[in-house]
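K.L.:
Okay, here's the structure, questions in a sec.
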Amino acid sequence: MGLSGCETMPKDALQLSPQSLENRQIQTRQFNRMNEEAALAAAAGVLQDMGFSIVSSETKLGLVVGNKERSAKNAGQITGAILLTLASGVAMDYDNKQKIIASLVTSPVRDSKGIPVPNTFNVRITFARIVWNTANVTTKAEQIKDPALYQEFFDKFSKAIFLDGQKI
């Protein structure tokens, strides 16, 4: 027990994966000529249009969190479970439901001296999901990395802030 205090952290424990930069670029866009409050309101509206319920929002922190529940059933997985059940006589579970979580944060863009550039900020959104099987056991908890999903969000967000800026 005394030796457990001598354990050290692996050297690469805090290293980012090679895909981290690529993922961050997919998840982040810079916007200007708009205040953060209006951007957060537009983001919340876009997430609601995409079927998310807003579960948390904090303007001072530049944060909006939403989630939605969807089926996680997959015909191939169900077929496999049925075949395994028939072969083994033991009921096999398969993915049943999932919760998709969207987390959006804004952060000010700073100039070379570290001073925030007025009305210019980054918007970063991440999508993740938790999947439960028919026995209500968590089978997956993972980040969603589909670039099309992020592009869809930013396309709708850009349109929403444009329309808001035009007062349309």
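Going by the structure tokens order, chains are called A, B, ..., each with residues numbered from 1, while ligands are numbered from 1 in the order shown.
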So that each row is one residue of region 105-130 of chain A with an atom at most 12 Å from region 67-77 of chain A, can you give its shortest atom pair and the distance in Å to one decimal, using only C-alpha atoms, rows by chain and rising number, as a tab-separated table?

P.N.:
residue	atom	partner	partner_atom	distance
A:Thr126	CA	A:Asn67	CA	11.5
A:Phe127	CA	A:Asn67	CA	9.2
A:Ala128	CA	A:Asn67	CA	9.4
A:Arg129	CA	A:Asn67	CA	9.1
A:Ile130	CA	A:Glu69	CA	9.6

K.L.:
As a VMD selection string, please: every residue in chain A that a backbone DSSP assignment puts in strand (DSSP E).

P.N.:
chain A and resid 28 to 32 53 to 58 63 to 71 95 to 110 116 to 133 138 to 144

K.L.:
Could you check the closest approach to Gly62 (chain A) for each of A:Asn96, A:Asn122, A:Thr79, A:Gln25 and tell me which residue wins, using only C-alpha atoms?

P.N.:
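So, comparing all the options, the nearest one is A:Asn122.
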
K.L.:
Name the closest residue to Asn32 (chain A) among the candidates A:Gly66, A:Pro10, A:Gly89, A:Pro118; distances are taken between atoms, counting only C-alpha atoms.

P.N.:
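Distance minimum relative to Asn32 (chain A) lands on A:Pro118.
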
K.L.:
What is the distance, in Å and to one decimal place, between CA of Ser20 (chain A) and CA of Leu149 (chain A)?

P.N.:
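Separation between CA of Ser20 (chain A) and CA of Leu149 (chain A): 17.2 Å.
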
K.L.:
Using only C-alpha atoms, which of the listed residues (A:Leu21, A:Phe121, A:Arg29, A:Ile54) sits closest to Tyr150 (chain A)?

P.N.:
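Closest candidate: A:Arg29.
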
K.L.:
Residues at most 10 Å from Ser57 (chain A), counting only C-alpha atoms, excluding those fewer than 2 positions away in the same chain, as JSON, numbers by chain?

P.N.:
{"A": [40, 41, 44, 54, 55, 59, 60, 61, 62, 63, 64, 65, 66, 103, 104, 105]}

K.L.:
What is the distance, in Å and to one decimal place, between CA of Asn35 (chain A) and CA of Ile144 (chain A)?

P.N.:
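The value is 28.3 Å.
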
K.L.:
If you run DSSP over the backbone, which residues in region 32-118 of chain A end up helix (DSSP H, G or I)? Put them as a ChimeraX atom specification.

P.N.:
/A:36-49,59-61,75-88

K.L.:
Could you tell me which of A:Phe157, A:Val131, A:Asp146, A:Gly80 comes closest to Asp95 (chain A) if we count only C-alpha atoms?

P.N.:
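Checking each of A:Phe157, A:Val131, A:Asp146, A:Gly80 against Asp95 (chain A), counting only C-alpha atoms, the winner is A:Val131.
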
K.L.:
For each of A:Ala135, A:Lys145, A:Val109, A:Thr120, take the minimum atom-to-atom distance to Arg33 (chain A), counting only C-alpha atoms, then give the residue where this is smallest.

P.N.:
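For Arg33 (chain A), the nearest of the candidates is A:Thr120.
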
K.L.:
Closest to Ile101 (chain A) among A:Val137, A:Ile125, A:Ala43, A:Leu84, using only C-alpha atoms?

P.N.:
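Among the listed residues, A:Ile125 lies closest to Ile101 (chain A).
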
K.L.:
Could you jot down the CA of Leu83 (chain A) to CA of Trp132 (chain A) separation for me, Å, one decimal place?

P.N.:
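CA of Trp132 (chain A) lies at a distance of 20.4 Å from CA of Leu83 (chain A).
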